[in-house]
Every structure is written in structure tokens, then in C-alpha cells.
Amino acid sequence: MLSSPPHKPSFEAFIQTCTPLLKIADLEAVMRQRVQEIVVELLDFQPTTDAVQSLKNFLQKDENFLGVLLALTNLSQEKFLRIITAQRFANQDFAPEWGVKEIYRRIRKEDSFAEQIARLFLEGKNSQILAAQIADFYLDQLSLPDNWTEIIRDNTLIGNIVRKKLTGEYADKKGEFIENQVAEVLDRIKERWGIPYSQGQVKLVGKEVDYALPSLEEPYVMIMVSYMETTSSSQTTRANEQLAMYQKIVGENVRYPREQRVLVNVVDGGGWLARRSDLRKMYEGCHYCLNMRTLAQLEAIVQSHVPKRFFSKE
């Protein structure tokens, strides 16, 4: 039996069903194991009496250790990449910026580069080459604590440092989980009703859509997913872009009233709740606004808006 489309709640009612910090048992277990593995590797590291050689060995031992050093210095990965770029500019290397994977590849393969990075952390603001290229504010942060080899022996303290290092990875994995949850609902819909879905560029809105049903060429239900626990100026950009998508869909529905298409925003997380103006724009700029607690309503939305000719199962 087909369901009726759900009623879009008020903005206030929608907020009351949101989850600021979603707890995912499987993800928590995975991340706890990741932390422990890195801590064990850190405890296994044996420093030498030569400070530069010791730090070079440390950097080359494990790809996670560069992130640990950044966490020890309270320096973001992004700012570290800018410092490396500035150092390359000082050496007349004006090629595009390297990503962190490229930097670690060079650390592993090139002893001279690994030593250069080690000296960067050890010398910090005292580096004559960098002093002319980089603001003192950042160089002061780059200085590694003198007792860094003792810090990585403190199980509790280094555990917290590793968790700080893994913050970005944790956020990425949680975002993937949310998208997978949506995909699982769509898989159940496909199994029950035979309605397929796709991911990719939709010509109608001129943008990549997280999920389109039944296809990218004939998108009657378009779904965009965003879960954020921290705030960012990119939220305003995203809200504006999705509002423009919604307006295109509304315009299409006015021109072709028999072909009604809908945009569904799946939005949740403390980052969105902290930026209410952007969240309201996301809420207003769609036909249906769901979160993790109301995700089950997606099936009724799909049933109501995908034309029956796309139902391959009764």
C-alpha cells in the first residue's frame, strides 16, 4: 500500500528532532581501535641521542606520526601545508602546493627532505630561512616541545593528542556513515518497489546531487545530505547553492505542472544547529527537510513523487 507524503514540520519542530552529536557505536569502536594502534606504535618508538636524526626516524616510521607532531604543536594541517609552500618559495620552487600525502611520500622516500622537515619542527622560529618568509605567529607554533619524546610515553596524554589528530578522519567517517544510512533506506525502497537511484550531475539543477530517483536524466526526487558537528563559512555557501537548486526545481514545476519534482534536504548535526540562519535557509530551500530521526519518512516521499511507471515491483 502506498503512503501519503509526510507533512513538512515547522522550523522549530524540525530543530527539536535534530541530533547535535550523533553517537554511532560501530564508528566509536573503529576510532577507539585506531587510537590504540597509533598509541602502541608511539610507545614502540625508540629515540636516539641525535635530535634531528631521532625526529627524522620518528617521521619516517609511521604515516600517522606527522599528524601527531602537528597536534603536539597545536598547528593545523592546512597551516602546515602553507608553511611548506613558503619554504619551497624560499628555495625558488613555485610549483602548486603539495598535499599531506605527497609530503609524507617524500618523507618516506627522501632522507634529505625528512631531515628538512625534522629541522623545521626543531628550529621553528629560529630558522633563518623561514624567518624572512613566515610570520612569527606561525613559526612560534611550529616549535616542538623539548620533552616531546617523554610526552609520547605518557599513555593518557598521547591518547588525547592522537584523538585530536584524528578529528578530521572521525568527521569524514561520520559523514560517510550518514550518507550510507540514506543509501540503506533507498536500497530498501529499491528492493520493495523497484525504484532505482543514482548519484552524480543533474542537468536540471546544474550540480552534483547526492541521490536522484529514479535517475539523473529523470530526477523526480533529489536528495542532498549534510551532517556537520563543527561550524564553517562553507555552510553559508552550501545553503545558498542548495537554495538556488530549489528555485530551479520550483521554476521547472511551474513550467511543467504535470511533472512535479522535489528536493529533499537531509540536514543534521550541532554545526548546523549553531548556525541557525544557514539552517533555516536549508530548511526553507527544499520541499522536505529530514534529519536522522525522521529519515524513515523518505520512503513515503519517494512513493508519492516518483511516477508509477518507474515502479517495477508491486
# chains A, B, ... in the order shown; residues from 1 in each chain; ligands from 1
call {"tool": "select_by_dssp", "arguments": {"residues": "region 77-290 of chain A", "states": "helix (DSSP H, G or I)", "output": "ChimeraX atom specification"}}
result
/A:77-90,100-109,111-126,128-131,136-142,148-151,155-165,167-193,234-255,270-274,276-284
call {"tool": "residues_around", "arguments": {"residues": "Ile152 (chain A)", "least_positions_apart": "2", "cutoff": "9 Å", "atoms": "only C-alpha atoms", "output": "list in words"}}
result
Val39, Leu42, Leu43, Phe45, Trp148, Thr149, Glu150, Asp154, Asn155, Leu157, Ile158 and Gly159 of chain A
call {"tool": "residues_around", "arguments": {"residues": "region 181-193 of chain A", "least_positions_apart": "5", "cutoff": "8 Å", "atoms": "only C-alpha atoms", "output": "list in words"}}
result
Leu295, Ala296, Leu298, Glu299, Phe311, Ser312, Lys313 and Glu314 of chain A
call {"tool": "write_last_selection", "arguments": {"atoms": "N, CA and C atoms", "output": "PDB file, in the first residue's frame"}}
result
ATOM      1  N   LEU A 295      14.410  10.177   9.117  1.00  0.00           N
ATOM      2  CA  LEU A 295      14.851   9.653   7.823  1.00  0.00           C
ATOM      3  C   LEU A 295      13.881   8.615   7.245  1.00  0.00           C
ATOM      4  N   ALA A 296      13.163   7.914   8.118  1.00  0.00           N
ATOM      5  CA  ALA A 296      12.237   6.875   7.650  1.00  0.00           C
ATOM      6  C   ALA A 296      11.132   7.449   6.764  1.00  0.00           C
ATOM      7  N   LEU A 298      11.477   9.128   4.264  1.00  0.00           N
ATOM      8  CA  LEU A 298      11.950   9.204   2.883  1.00  0.00           C
ATOM      9  C   LEU A 298      11.181   8.247   1.965  1.00  0.00           C
ATOM     10  N   GLU A 299      10.800   7.090   2.481  1.00  0.00           N
ATOM     11  CA  GLU A 299      10.090   6.123   1.642  1.00  0.00           C
ATOM     12  C   GLU A 299       8.750   6.677   1.170  1.00  0.00           C
ATOM     13  N   PHE A 311       7.884   2.209 -11.062  1.00  0.00           N
ATOM     14  CA  PHE A 311       7.768   1.147 -10.060  1.00  0.00           C
ATOM     15  C   PHE A 311       7.812  -0.187 -10.819  1.00  0.00           C
ATOM     16  N   SER A 312       8.903  -0.922 -10.661  1.00  0.00           N
ATOM     17  CA  SER A 312       8.999  -2.217 -11.366  1.00  0.00           C
ATOM     18  C   SER A 312       8.481  -3.380 -10.504  1.00  0.00           C
ATOM     19  N   LYS A 313       8.141  -3.074  -9.247  1.00  0.00           N
ATOM     20  CA  LYS A 313       7.577  -4.077  -8.368  1.00  0.00           C
ATOM     21  C   LYS A 313       6.285  -3.567  -7.764  1.00  0.00           C
ATOM     22  N   GLU A 314       5.331  -4.459  -7.571  1.00  0.00           N
ATOM     23  CA  GLU A 314       4.066  -4.036  -6.962  1.00  0.00           C
ATOM     24  C   GLU A 314       4.204  -4.031  -5.452  1.00  0.00           C
TER      25      GLU A 314
END
call {"tool": "residues_around", "arguments": {"residues": "region 271-287 of chain A", "least_positions_apart": "5", "cutoff": "10 Å", "atoms": "only C-alpha atoms", "output": "number ranges by chain"}}
result
A: 7-12, 14-15, 18-21, 221-224, 226-233, 235-247, 249-250, 261-266, 301
call {"tool": "write_last_selection", "arguments": {"atoms": "C-alpha atoms", "output": "mmCIF file, in the first residue's frame"}}
result
data_model
loop_
_atom_site.group_PDB
_atom_site.id
_atom_site.type_symbol
_atom_site.label_atom_id
_atom_site.label_comp_id
_atom_site.auth_asym_id
_atom_site.auth_seq_id
_atom_site.Cartn_x
_atom_site.Cartn_y
_atom_site.Cartn_z
ATOM 1 C CA HIS A 7 3.790 16.940 6.260
ATOM 2 C CA LYS A 8 6.766 19.308 6.454
ATOM 3 C CA PRO A 9 7.030 20.328 10.129
ATOM 4 C CA SER A 10 7.632 23.872 11.331
ATOM 5 C CA PHE A 11 11.250 25.002 11.597
ATOM 6 C CA GLU A 12 11.037 24.857 15.393
ATOM 7 C CA PHE A 14 12.289 20.208 12.920
ATOM 8 C CA ILE A 15 15.027 21.519 15.228
ATOM 9 C CA CYS A 18 17.787 17.069 15.350
ATOM 10 C CA THR A 19 20.804 15.310 16.903
ATOM 11 C CA PRO A 20 23.685 17.690 17.804
ATOM 12 C CA LEU A 21 26.303 14.942 18.366
ATOM 13 C CA VAL A 221 13.259 13.122 -6.120
ATOM 14 C CA MET A 222 16.647 14.748 -5.493
ATOM 15 C CA ILE A 223 18.334 14.269 -2.126
ATOM 16 C CA MET A 224 21.178 16.303 -0.618
ATOM 17 C CA SER A 226 24.831 17.220 5.080
ATOM 18 C CA TYR A 227 25.825 16.354 8.655
ATOM 19 C CA MET A 228 28.158 18.798 10.430
ATOM 20 C CA GLU A 229 29.268 18.931 14.068
ATOM 21 C CA THR A 230 31.524 21.989 13.666
ATOM 22 C CA THR A 231 30.784 25.333 12.050
ATOM 23 C CA SER A 232 32.302 26.664 8.856
ATOM 24 C CA SER A 233 31.747 29.529 6.437
ATOM 25 C CA GLN A 235 27.798 26.235 5.347
ATOM 26 C CA THR A 236 26.579 29.589 4.037
ATOM 27 C CA THR A 237 27.915 28.728 0.581
ATOM 28 C CA ARG A 238 26.225 25.340 0.663
ATOM 29 C CA ALA A 239 22.925 26.794 1.867
ATOM 30 C CA ASN A 240 22.963 29.372 -0.943
ATOM 31 C CA GLU A 241 23.813 26.756 -3.576
ATOM 32 C CA GLN A 242 21.035 24.433 -2.472
ATOM 33 C CA LEU A 243 18.568 27.315 -2.323
ATOM 34 C CA ALA A 244 19.438 28.033 -5.976
ATOM 35 C CA MET A 245 18.831 24.347 -6.773
ATOM 36 C CA TYR A 246 15.438 24.515 -5.096
ATOM 37 C CA GLN A 247 14.479 27.641 -7.033
ATOM 38 C CA ILE A 249 13.196 22.948 -9.391
ATOM 39 C CA VAL A 250 10.285 25.200 -8.406
ATOM 40 C CA ARG A 261 9.864 17.230 -8.842
ATOM 41 C CA VAL A 262 11.043 17.659 -5.251
ATOM 42 C CA LEU A 263 14.247 18.423 -3.367
ATOM 43 C CA VAL A 264 14.859 16.656 -0.051
ATOM 44 C CA ASN A 265 17.479 18.015 2.343
ATOM 45 C CA VAL A 266 18.810 15.614 4.971
ATOM 46 C CA ILE A 301 8.249 10.884 -0.120
#
call {"tool": "closest_residue", "arguments": {"among": "A:Gln297, A:Gln141, A:Ser304, A:Ser198", "to": "Ala71 (chain A)", "atoms": "only C-alpha atoms"}}
result
A:Gln141
call {"tool": "decode", "arguments": {"residues": "region 295-310 of chain A", "atoms": "all heavy atoms", "output": "tab-separated table (two decimals), in the first residue's frame"}}
result
chain	number	residue	atom	x	y	z
A	295	LEU	N	14.41	10.18	9.12
A	295	LEU	CA	14.85	9.65	7.82
A	295	LEU	C	13.88	8.61	7.25
A	295	LEU	O	13.78	8.47	6.02
A	295	LEU	CB	16.24	9.04	7.97
A	295	LEU	CG	16.99	8.66	6.69
A	295	LEU	CD1	17.14	9.85	5.76
A	295	LEU	CD2	18.37	8.09	7.04
A	296	ALA	N	13.16	7.91	8.12
A	296	ALA	CA	12.24	6.88	7.65
A	296	ALA	C	11.13	7.45	6.76
A	296	ALA	O	10.50	6.71	5.99
A	296	ALA	CB	11.62	6.15	8.85
A	297	GLN	N	10.88	8.76	6.86
A	297	GLN	CA	9.85	9.39	6.04
A	297	GLN	C	10.22	9.42	4.55
A	297	GLN	O	9.37	9.68	3.69
A	297	GLN	CB	9.60	10.82	6.52
A	297	GLN	CG	9.04	10.92	7.93
A	297	GLN	CD	8.87	12.36	8.37
A	297	GLN	OE1	8.98	13.29	7.58
A	297	GLN	NE2	8.60	12.55	9.66
A	298	LEU	N	11.48	9.13	4.26
A	298	LEU	CA	11.95	9.20	2.88
A	298	LEU	C	11.18	8.25	1.97
A	298	LEU	O	10.91	8.58	0.81
A	298	LEU	CB	13.45	8.89	2.84
A	298	LEU	CG	14.19	9.18	1.53
A	298	LEU	CD1	13.98	10.61	1.08
A	298	LEU	CD2	15.68	8.89	1.73
A	299	GLU	N	10.80	7.09	2.48
A	299	GLU	CA	10.09	6.12	1.64
A	299	GLU	C	8.75	6.68	1.17
A	299	GLU	O	8.40	6.55	0.00
A	299	GLU	CB	9.87	4.81	2.40
A	299	GLU	CG	9.19	3.75	1.53
A	299	GLU	CD	9.20	2.38	2.15
A	299	GLU	OE1	9.71	2.22	3.28
A	299	GLU	OE2	8.70	1.43	1.50
A	300	ALA	N	8.00	7.31	2.06
A	300	ALA	CA	6.71	7.88	1.68
A	300	ALA	C	6.88	9.02	0.68
A	300	ALA	O	6.07	9.19	-0.23
A	300	ALA	CB	5.98	8.38	2.93
A	301	ILE	N	7.98	9.79	0.82
A	301	ILE	CA	8.25	10.88	-0.12
A	301	ILE	C	8.51	10.32	-1.52
A	301	ILE	O	7.97	10.81	-2.51
A	301	ILE	CB	9.46	11.72	0.37
A	301	ILE	CG1	9.12	12.44	1.68
A	301	ILE	CG2	9.89	12.73	-0.69
A	301	ILE	CD1	10.33	13.08	2.35
A	302	VAL	N	9.33	9.29	-1.58
A	302	VAL	CA	9.65	8.67	-2.87
A	302	VAL	C	8.41	8.07	-3.51
A	302	VAL	O	8.13	8.28	-4.70
A	302	VAL	CB	10.74	7.59	-2.69
A	302	VAL	CG1	10.93	6.79	-3.98
A	302	VAL	CG2	12.06	8.23	-2.28
A	303	GLN	N	7.62	7.35	-2.73
A	303	GLN	CA	6.38	6.75	-3.25
A	303	GLN	C	5.44	7.80	-3.82
A	303	GLN	O	4.77	7.56	-4.83
A	303	GLN	CB	5.66	6.00	-2.13
A	303	GLN	CG	6.33	4.74	-1.65
A	303	GLN	CD	5.59	4.13	-0.48
A	303	GLN	OE1	4.42	4.45	-0.23
A	303	GLN	NE2	6.26	3.27	0.25
A	304	SER	N	5.40	8.94	-3.19
A	304	SER	CA	4.44	9.98	-3.58
A	304	SER	C	4.86	10.78	-4.79
A	304	SER	O	4.01	11.32	-5.50
A	304	SER	CB	4.22	10.94	-2.40
A	304	SER	OG	3.76	10.25	-1.25
A	305	HIS	N	6.17	10.87	-5.05
A	305	HIS	CA	6.64	11.79	-6.09
A	305	HIS	C	7.28	11.13	-7.30
A	305	HIS	O	7.42	11.78	-8.34
A	305	HIS	CB	7.59	12.82	-5.47
A	305	HIS	CG	6.92	13.73	-4.49
A	305	HIS	ND1	6.12	14.78	-4.90
A	305	HIS	CD2	6.91	13.73	-3.13
A	305	HIS	CE1	5.65	15.40	-3.82
A	305	HIS	NE2	6.12	14.79	-2.75
A	306	VAL	N	7.70	9.87	-7.20
A	306	VAL	CA	8.21	9.18	-8.37
A	306	VAL	C	7.03	8.60	-9.14
A	306	VAL	O	6.20	7.90	-8.58
A	306	VAL	CB	9.18	8.04	-7.96
A	306	VAL	CG1	9.57	7.22	-9.19
A	306	VAL	CG2	10.43	8.62	-7.30
A	307	PRO	N	6.90	8.93	-10.44
A	307	PRO	CA	5.76	8.42	-11.23
A	307	PRO	C	5.69	6.89	-11.19
A	307	PRO	O	6.70	6.21	-11.13
A	307	PRO	CB	6.07	8.92	-12.65
A	307	PRO	CG	6.90	10.15	-12.42
A	307	PRO	CD	7.75	9.84	-11.22
A	308	LYS	N	4.47	6.39	-11.19
A	308	LYS	CA	4.24	4.96	-11.03
A	308	LYS	C	4.87	4.12	-12.14
A	308	LYS	O	5.11	2.94	-11.95
A	308	LYS	CB	2.73	4.68	-10.94
A	308	LYS	CG	2.05	5.41	-9.79
A	308	LYS	CD	2.72	5.06	-8.46
A	308	LYS	CE	2.11	5.84	-7.30
A	308	LYS	NZ	2.60	7.22	-7.24
A	309	ARG	N	5.16	4.74	-13.30
A	309	ARG	CA	5.75	3.96	-14.38
A	309	ARG	C	7.17	3.49	-14.04
A	309	ARG	O	7.71	2.59	-14.71
A	309	ARG	CB	5.77	4.78	-15.68
A	309	ARG	CG	6.66	6.00	-15.68
A	309	ARG	CD	6.60	6.72	-17.02
A	309	ARG	NE	7.47	7.88	-17.10
A	309	ARG	CZ	7.11	9.10	-16.71
A	309	ARG	NH1	5.90	9.32	-16.20
A	309	ARG	NH2	7.98	10.12	-16.82
A	310	PHE	N	7.76	4.08	-13.00
A	310	PHE	CA	9.10	3.66	-12.60
A	310	PHE	C	9.08	2.60	-11.51
A	310	PHE	O	10.14	2.16	-11.06
A	310	PHE	CB	9.90	4.88	-12.11
A	310	PHE	CG	10.17	5.89	-13.21
A	310	PHE	CD1	9.46	7.10	-13.23
A	310	PHE	CD2	11.09	5.65	-14.20
A	310	PHE	CE1	9.70	8.03	-14.23
A	310	PHE	CE2	11.35	6.57	-15.21
A	310	PHE	CZ	10.64	7.77	-15.22
